[in-house]
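Listing of protein03.cif, mmCIF, C-alpha atoms and all ligand atoms
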data_final
loop_
_atom_site.group_PDB
_atom_site.id
_atom_site.type_symbol
_atom_site.label_atom_id
_atom_site.label_comp_id
_atom_site.auth_asym_id
_atom_site.auth_seq_id
_atom_site.Cartn_x
_atom_site.Cartn_y
_atom_site.Cartn_z
ATOM 1 C CA MET A 30 101.131 174.826 100.626
ATOM 2 C CA LYS A 31 99.473 171.605 101.653
ATOM 3 C CA LYS A 32 100.268 169.676 104.821
ATOM 4 C CA VAL A 33 98.664 167.072 107.014
ATOM 5 C CA ILE A 34 98.330 167.664 110.731
ATOM 6 C CA TYR A 35 96.998 165.118 113.181
ATOM 7 C CA ILE A 36 94.397 166.451 115.556
ATOM 8 C CA ASP A 37 93.402 163.867 118.185
ATOM 9 C CA GLU A 38 94.374 161.059 115.792
ATOM 10 C CA LEU A 39 92.413 162.599 112.945
ATOM 11 C CA PRO A 40 94.508 163.415 109.875
ATOM 12 C CA VAL A 41 93.535 166.836 108.549
ATOM 13 C CA GLU A 42 94.829 168.188 105.265
ATOM 14 C CA VAL A 43 95.483 171.887 105.651
ATOM 15 C CA THR A 44 95.929 174.165 102.664
ATOM 16 C CA ARG A 45 96.786 177.833 103.010
ATOM 17 C CA LYS A 46 95.058 180.048 100.522
ATOM 18 C CA ARG A 47 94.402 183.628 99.735
ATOM 19 C CA ILE A 48 91.047 183.599 101.522
ATOM 20 C CA LYS A 49 89.558 185.514 104.397
ATOM 21 C CA ARG A 50 87.791 182.783 106.339
ATOM 22 C CA MET A 51 88.683 179.232 107.216
ATOM 23 C CA ASN A 52 86.535 176.471 105.832
ATOM 24 C CA ILE A 53 86.365 172.805 106.501
ATOM 25 C CA ARG A 54 84.969 169.946 104.462
ATOM 26 C CA VAL A 55 84.817 166.187 104.410
ATOM 27 C CA LYS A 56 85.699 164.838 101.004
ATOM 28 C CA ASP A 57 83.608 162.319 99.165
ATOM 29 C CA PRO A 58 84.180 159.366 98.882
ATOM 30 C CA ASP A 59 87.176 158.773 101.137
ATOM 31 C CA GLY A 60 86.102 160.910 104.081
ATOM 32 C CA LYS A 61 89.296 162.943 104.032
ATOM 33 C CA VAL A 62 89.074 166.093 106.155
ATOM 34 C CA ILE A 63 90.234 169.197 104.339
ATOM 35 C CA VAL A 64 90.737 172.625 105.816
ATOM 36 C CA SER A 65 91.428 175.746 103.797
ATOM 37 C CA ALA A 66 92.830 178.546 105.870
ATOM 38 C CA PRO A 67 94.121 182.065 105.302
ATOM 39 C CA TYR A 68 97.901 182.400 105.244
ATOM 40 C CA ILE A 69 98.080 184.279 108.519
ATOM 41 C CA MET A 70 96.141 181.732 110.560
ATOM 42 C CA THR A 71 98.229 179.801 113.092
ATOM 43 C CA ASP A 72 98.168 176.000 113.430
ATOM 44 C CA GLY A 73 96.951 176.451 116.997
ATOM 45 C CA TYR A 74 93.881 178.299 115.812
ATOM 46 C CA ILE A 75 93.185 175.682 113.144
ATOM 47 C CA ILE A 76 93.496 172.906 115.727
ATOM 48 C CA SER A 77 91.013 174.469 118.117
ATOM 49 C CA PHE A 78 88.633 175.176 115.249
ATOM 50 C CA VAL A 79 88.750 171.541 114.122
ATOM 51 C CA ARG A 80 88.251 170.365 117.708
ATOM 52 C CA SER A 81 85.191 172.571 118.067
ATOM 53 C CA ARG A 82 83.698 171.000 114.936
ATOM 54 C CA ARG A 83 84.677 167.427 115.792
ATOM 55 C CA ASP A 84 81.128 166.098 116.202
ATOM 56 C CA TRP A 85 80.128 167.512 112.859
ATOM 57 C CA ILE A 86 83.266 166.096 111.239
ATOM 58 C CA ASP A 87 82.758 162.607 112.673
ATOM 59 C CA LYS A 88 79.145 162.564 111.579
ATOM 60 C CA ASN A 89 80.075 163.567 108.050
ATOM 61 C CA ILE A 90 82.907 161.059 107.765
ATOM 62 C CA SER A 91 80.502 158.283 108.728
ATOM 63 C CA ARG A 92 77.895 159.511 106.286
ATOM 64 C CA VAL A 93 80.337 159.823 103.401
ATOM 65 C CA LYS A 94 81.821 156.410 104.071
ATOM 66 C CA GLU A 95 78.482 154.680 104.367
ATOM 67 C CA ARG A 96 77.450 156.061 101.017
ATOM 68 C CA SER A 97 80.712 155.319 99.312
ATOM 69 C CA SER A 98 80.971 152.328 97.039
ATOM 70 C CA ALA A 99 84.718 152.249 97.672
ATOM 71 C CA HIS A 100 83.848 150.988 101.110
ATOM 72 C CA PRO A 101 81.600 147.992 100.707
ATOM 73 C CA ALA A 102 78.455 147.730 102.759
ATOM 74 C CA PRO A 103 78.995 146.454 106.298
ATOM 75 C CA SER A 104 79.458 142.722 106.380
ATOM 76 C CA THR A 105 76.951 140.356 107.922
ATOM 77 C CA PRO A 106 76.747 140.252 111.719
ATOM 78 C CA ALA A 107 78.337 136.806 111.692
ATOM 79 C CA GLU A 108 81.323 138.000 109.682
ATOM 80 C CA LYS A 109 81.685 140.985 111.933
ATOM 81 C CA GLU A 110 81.686 138.788 115.025
ATOM 82 C CA LYS A 111 84.373 136.604 113.516
ATOM 83 C CA ARG A 112 86.520 139.638 112.776
ATOM 84 C CA ARG A 113 85.955 140.964 116.267
ATOM 85 C CA ALA A 114 86.933 137.657 117.878
ATOM 86 C CA SER A 115 90.127 137.394 115.874
ATOM 87 C CA LEU A 116 91.075 140.994 116.632
ATOM 88 C CA LYS A 117 90.442 140.380 120.322
ATOM 89 C CA ARG A 118 92.780 137.401 120.246
ATOM 90 C CA ARG A 119 95.506 139.505 118.661
ATOM 91 C CA ILE A 120 95.070 142.304 121.190
ATOM 92 C CA ALA A 121 95.072 139.863 124.110
ATOM 93 C CA GLU A 122 98.403 138.606 122.832
ATOM 94 C CA ARG A 123 100.094 141.903 122.012
ATOM 95 C CA LEU A 124 98.835 144.348 124.603
ATOM 96 C CA PRO A 125 100.416 142.639 127.647
ATOM 97 C CA ALA A 126 103.743 142.494 125.820
ATOM 98 C CA ILE A 127 103.598 146.213 125.041
ATOM 99 C CA GLU A 128 102.589 146.955 128.627
ATOM 100 C CA GLN A 129 105.571 145.002 129.790
ATOM 101 C CA TRP A 130 108.203 146.725 127.698
ATOM 102 C CA THR A 131 106.814 150.206 128.238
ATOM 103 C CA GLY A 132 105.775 149.897 131.863
ATOM 104 C CA LEU A 133 102.484 151.597 130.893
ATOM 105 C CA HIS A 134 99.253 149.901 131.852
ATOM 106 C CA CYS A 135 95.579 150.252 131.080
ATOM 107 C CA THR A 136 92.864 149.106 133.428
ATOM 108 C CA GLY A 137 90.976 147.329 130.670
ATOM 109 C CA TRP A 138 90.214 147.419 126.977
ATOM 110 C CA SER A 139 87.333 146.948 124.553
ATOM 111 C CA VAL A 140 86.930 146.556 120.826
ATOM 112 C CA ARG A 141 84.382 148.993 119.491
ATOM 113 C CA ASP A 142 82.807 149.507 116.106
ATOM 114 C CA MET A 143 84.305 152.973 115.668
ATOM 115 C CA HIS A 144 84.682 154.325 112.157
ATOM 116 C CA THR A 145 86.398 157.630 112.605
ATOM 117 C CA ARG A 146 89.262 156.773 114.923
ATOM 118 C CA TRP A 147 91.581 153.866 115.531
ATOM 119 C CA GLY A 148 91.498 154.054 119.267
ATOM 120 C CA SER A 149 90.703 156.155 122.267
ATOM 121 C CA CYS A 150 91.697 156.268 125.888
ATOM 122 C CA ASN A 151 89.645 157.392 128.844
ATOM 123 C CA THR A 152 92.409 159.230 130.659
ATOM 124 C CA THR A 153 90.486 159.189 133.940
ATOM 125 C CA THR A 154 89.800 155.474 134.108
ATOM 126 C CA CYS A 155 92.709 154.433 131.826
ATOM 127 C CA HIS A 156 90.356 152.194 129.859
ATOM 128 C CA ILE A 157 91.290 151.800 126.200
ATOM 129 C CA ASN A 158 88.959 151.391 123.221
ATOM 130 C CA LEU A 159 90.263 149.950 119.990
ATOM 131 C CA SER A 160 88.463 150.138 116.670
ATOM 132 C CA LEU A 161 87.189 147.056 114.919
ATOM 133 C CA MET A 162 88.781 148.540 111.778
ATOM 134 C CA LEU A 163 92.104 147.304 113.194
ATOM 135 C CA ALA A 164 91.037 143.762 112.293
ATOM 136 C CA THR A 165 92.317 144.330 108.768
ATOM 137 C CA ARG A 166 95.568 146.069 109.743
ATOM 138 C CA THR A 167 99.025 144.645 110.296
ATOM 139 C CA ASP A 168 100.438 143.714 113.695
ATOM 140 C CA GLU A 169 102.794 146.662 113.439
ATOM 141 C CA GLU A 170 99.890 149.054 112.927
ATOM 142 C CA LEU A 171 97.928 147.442 115.732
ATOM 143 C CA ASP A 172 100.940 147.821 118.031
ATOM 144 C CA TYR A 173 101.224 151.474 117.115
ATOM 145 C CA VAL A 174 97.597 152.196 118.043
ATOM 146 C CA ILE A 175 97.869 150.215 121.281
ATOM 147 C CA LEU A 176 101.041 152.075 122.188
ATOM 148 C CA HIS A 177 99.508 155.441 121.316
ATOM 149 C CA GLU A 178 96.575 154.782 123.656
ATOM 150 C CA LEU A 179 98.819 153.392 126.403
ATOM 151 C CA VAL A 180 100.936 156.544 126.304
ATOM 152 C CA HIS A 181 97.689 158.465 126.898
ATOM 153 C CA THR A 182 97.314 156.695 130.251
ATOM 154 C CA LEU A 183 100.305 158.785 131.292
ATOM 155 C CA VAL A 184 100.031 161.861 129.057
ATOM 156 C CA PRO A 185 96.427 162.830 128.235
ATOM 157 C CA ASN A 186 97.275 165.290 125.449
ATOM 158 C CA HIS A 187 99.477 165.300 122.360
ATOM 159 C CA GLY A 188 102.094 167.629 123.792
ATOM 160 C CA GLY A 189 105.862 167.331 123.674
ATOM 161 C CA SER A 190 106.162 164.659 126.329
ATOM 162 C CA PHE A 191 103.631 162.508 124.485
ATOM 163 C CA TYR A 192 105.798 162.441 121.367
ATOM 164 C CA GLU A 193 108.968 161.962 123.415
ATOM 165 C CA LEU A 194 107.501 158.740 124.764
ATOM 166 C CA MET A 195 106.343 157.634 121.320
ATOM 167 C CA ASP A 196 109.865 158.241 119.977
ATOM 168 C CA ARG A 197 111.389 156.309 122.823
ATOM 169 C CA PHE A 198 109.143 153.266 122.575
ATOM 170 C CA MET A 199 108.607 153.147 118.807
ATOM 171 C CA PRO A 200 111.190 155.190 116.915
ATOM 172 C CA ASP A 201 109.508 154.611 113.534
ATOM 173 C CA TRP A 202 105.971 155.408 114.679
ATOM 174 C CA LYS A 203 105.581 158.274 112.196
ATOM 175 C CA GLN A 204 106.080 155.935 109.278
ATOM 176 C CA ILE A 205 103.509 153.511 110.646
ATOM 177 C CA ARG A 206 101.008 156.271 111.266
ATOM 178 C CA LYS A 207 101.313 157.305 107.632
ATOM 179 C CA ASN A 208 99.958 153.904 106.588
ATOM 180 C CA LEU A 209 96.946 154.285 108.814
ATOM 181 C CA LYS A 210 95.075 156.608 106.519
ATOM 182 C CA TYR A 211 91.356 156.406 106.856
HETATM 183 ZN ZN ZN B 301 95.974 160.399 120.929
#
Take the structure in the file and write it out as structure tokens.
Amino acid sequence: MKKVIYIDELPVEVTRKRIKRMNIRVKDPDGKVIVSAPYIMTDGYIISFVRSRRDWIDKNISRVKERSSAHPAPSTPAEKEKRRASLKRRIAERLPAIEQWTGLHCTGWSVRDMHTRWGSCNTTTCHINLSLMLATRTDEELDYVILHELVHTLVPNHGGSFYELMDRFMPDWKQIRKNLKY
């Protein structure tokens, strides 16, 4: 019984087993997060457990990925700057269009060198951060992350109304999200 649940944009592979206590690990070398849980444990409990360990998880994903040969060493600063500039151009082009057709607006946005998530939204200031990792993703995937964060300007959590809006604005968002494995 294996399934993937998304907890604050983080894909977590949950397997139910005949065990007494939940355990969580970050797999080498891809940084996949794996939770083994007893059969009786609810998803809600697993979600709050993962949230409580989020700092530890993020730290370990970074560590595993840095070490991994599957992910080449960070490029030179010059290459990185080039990637950042080109991503910024794409965002500057696409974000206003998405704001227009959704009616959702952020107060500003930044590209950040984040390795464990594609984007984040400060739901108080409505400022959006987008990961530099998006530089190598398709326009469709970039749009999905932008939309996801824009929806957070209205709905801070991932409750029912969040997904209703995602369905309305991007009916195939689940398919796109599947491609955005870490
Ligand atoms: Zn989110």
Exercise. Got a sec: who's within 8 Å of region 190-200 of chain A, counting only C-alpha atoms, leaving out chain neighbours fewer than 5 positions off, as a PyMOL selection string?
Worked result: chain A and resi 131+173+176-177+180-181+184
Based on the selection just made, write C-alpha atoms of those residues as a PDB file, keeping the file's coordinate frame.
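The resulting file, again28.pdb, is shown below:
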ATOM      1  CA  THR A 131     106.814 150.206 128.238  1.00  0.00           C
ATOM      2  CA  TYR A 173     101.224 151.474 117.115  1.00  0.00           C
ATOM      3  CA  LEU A 176     101.041 152.075 122.188  1.00  0.00           C
ATOM      4  CA  HIS A 177      99.508 155.441 121.316  1.00  0.00           C
ATOM      5  CA  VAL A 180     100.936 156.544 126.304  1.00  0.00           C
ATOM      6  CA  HIS A 181      97.689 158.465 126.898  1.00  0.00           C
ATOM      7  CA  VAL A 184     100.031 161.861 129.057  1.00  0.00           C
TER       8      VAL A 184
END
Per residue of chain A within 10 Å of ligand ZN 301 (chain B), note the shortest atom pair and the distance in Å to one decimal, counting only C-alpha atoms and all ligand atoms, and order the rows by chain and increasing residue number, as a tab-separated table.
residue	atom	partner	partner_atom	distance
A:Tyr35	CA	B:ZN301	ZN	9.1
A:Ile36	CA	B:ZN301	ZN	8.2
A:Asp37	CA	B:ZN301	ZN	5.1
A:Glu38	CA	B:ZN301	ZN	5.4
A:Leu39	CA	B:ZN301	ZN	9.0
A:Arg146	CA	B:ZN301	ZN	9.7
A:Trp147	CA	B:ZN301	ZN	9.5
A:Gly148	CA	B:ZN301	ZN	7.9
A:Ser149	CA	B:ZN301	ZN	6.9
A:Cys150	CA	B:ZN301	ZN	7.7
A:Val174	CA	B:ZN301	ZN	8.8
A:Leu176	CA	B:ZN301	ZN	9.8
A:His177	CA	B:ZN301	ZN	6.1
A:Glu178	CA	B:ZN301	ZN	6.3
A:Leu179	CA	B:ZN301	ZN	9.3
A:Val180	CA	B:ZN301	ZN	8.3
A:His181	CA	B:ZN301	ZN	6.5
A:Val184	CA	B:ZN301	ZN	9.2
A:Pro185	CA	B:ZN301	ZN	7.7
A:Asn186	CA	B:ZN301	ZN	6.8
A:His187	CA	B:ZN301	ZN	6.2
A:Gly188	CA	B:ZN301	ZN	9.9
A:Phe191	CA	B:ZN301	ZN	8.7
For this session: May I ask for the distance between CA of Ile76 (chain A) and CA of Leu161 (chain A), given in Å to one decimal place?
Result: 26.6 Å
For this session: I need the residue set behind the PyMOL selection byres (((chain A and resi 205) around 10) and not hetatm) for this file; please write it as number ranges by chain.
Result: A: 167, 169-174, 199, 201-204, 206-210
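With all atoms listed in the file as the atoms that count, the residue of A:Ser65, A:Thr145, A:Thr165, A:Thr152 with the shortest distance to Leu183 (chain A) is A:Thr152.
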For this session: Compile the contact shell of Ser139 (chain A) as a list in words: residues with an atom at most 10 Å away, counting all atoms listed in the file, same-chain residues fewer than 5 positions apart removed.
Result: Lys117, Ile120, Gly148, His156, Ile157, Asn158, Leu159, Ser160 and Leu161 of chain A
For this session: Determine the residue set returned by the PyMOL selection byres (((chain A and resi 32) around 6) and not hetatm) for the present structure, and present it as a ChimeraX atom specification.
Result: /A:31,33,42-43
For this session: Could you tell me which residues the PyMOL selection byres (((chain A and resi 48-60) around 12) and not hetatm) grabs in this file, written as a count of residues only?
Result: 51
Problem set entry | Near-Arg123 (chain A) list (9 Å; all atoms listed in the file; drop same-chain fewer than 3 positions) as a list in words | Arg118, Arg119, Ile120, Ala126, Ile127, Glu128, Asp168, Leu171, Asp172 and Ile175 of chain A
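Going from CA of Asn151 (chain A) over to CA of Gly189 (chain A), you cover 19.7 Å.
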Seminar exercise, completed: Pairwise distance, CA of Ala114 (chain A) with CA of Arg141 (chain A), equals 11.7 Å
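Of the listed residues A:Ile34, A:Ala107, A:Val140, A:Ala121, the one whose atoms come nearest to Met162 (chain A) is A:Val140, with distances taken using all atoms listed in the file.
For the choices A:Ser77, A:Ser115, A:Thr154, A:Ser104, the atom-to-atom distance to Cys135 (chain A) is smallest for A:Thr154 when using all atoms listed in the file.
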Which centre and which edge lengths, in Å to one decimal, describe the axis-aligned box that holds all listed atoms of region 47-54 of chain A after 3 Å is added on each side, as JSON?
{"center_x": 89.7, "center_y": 177.7, "center_z": 103.5, "size_x": 15.4, "size_y": 21.6, "size_z": 13.5}
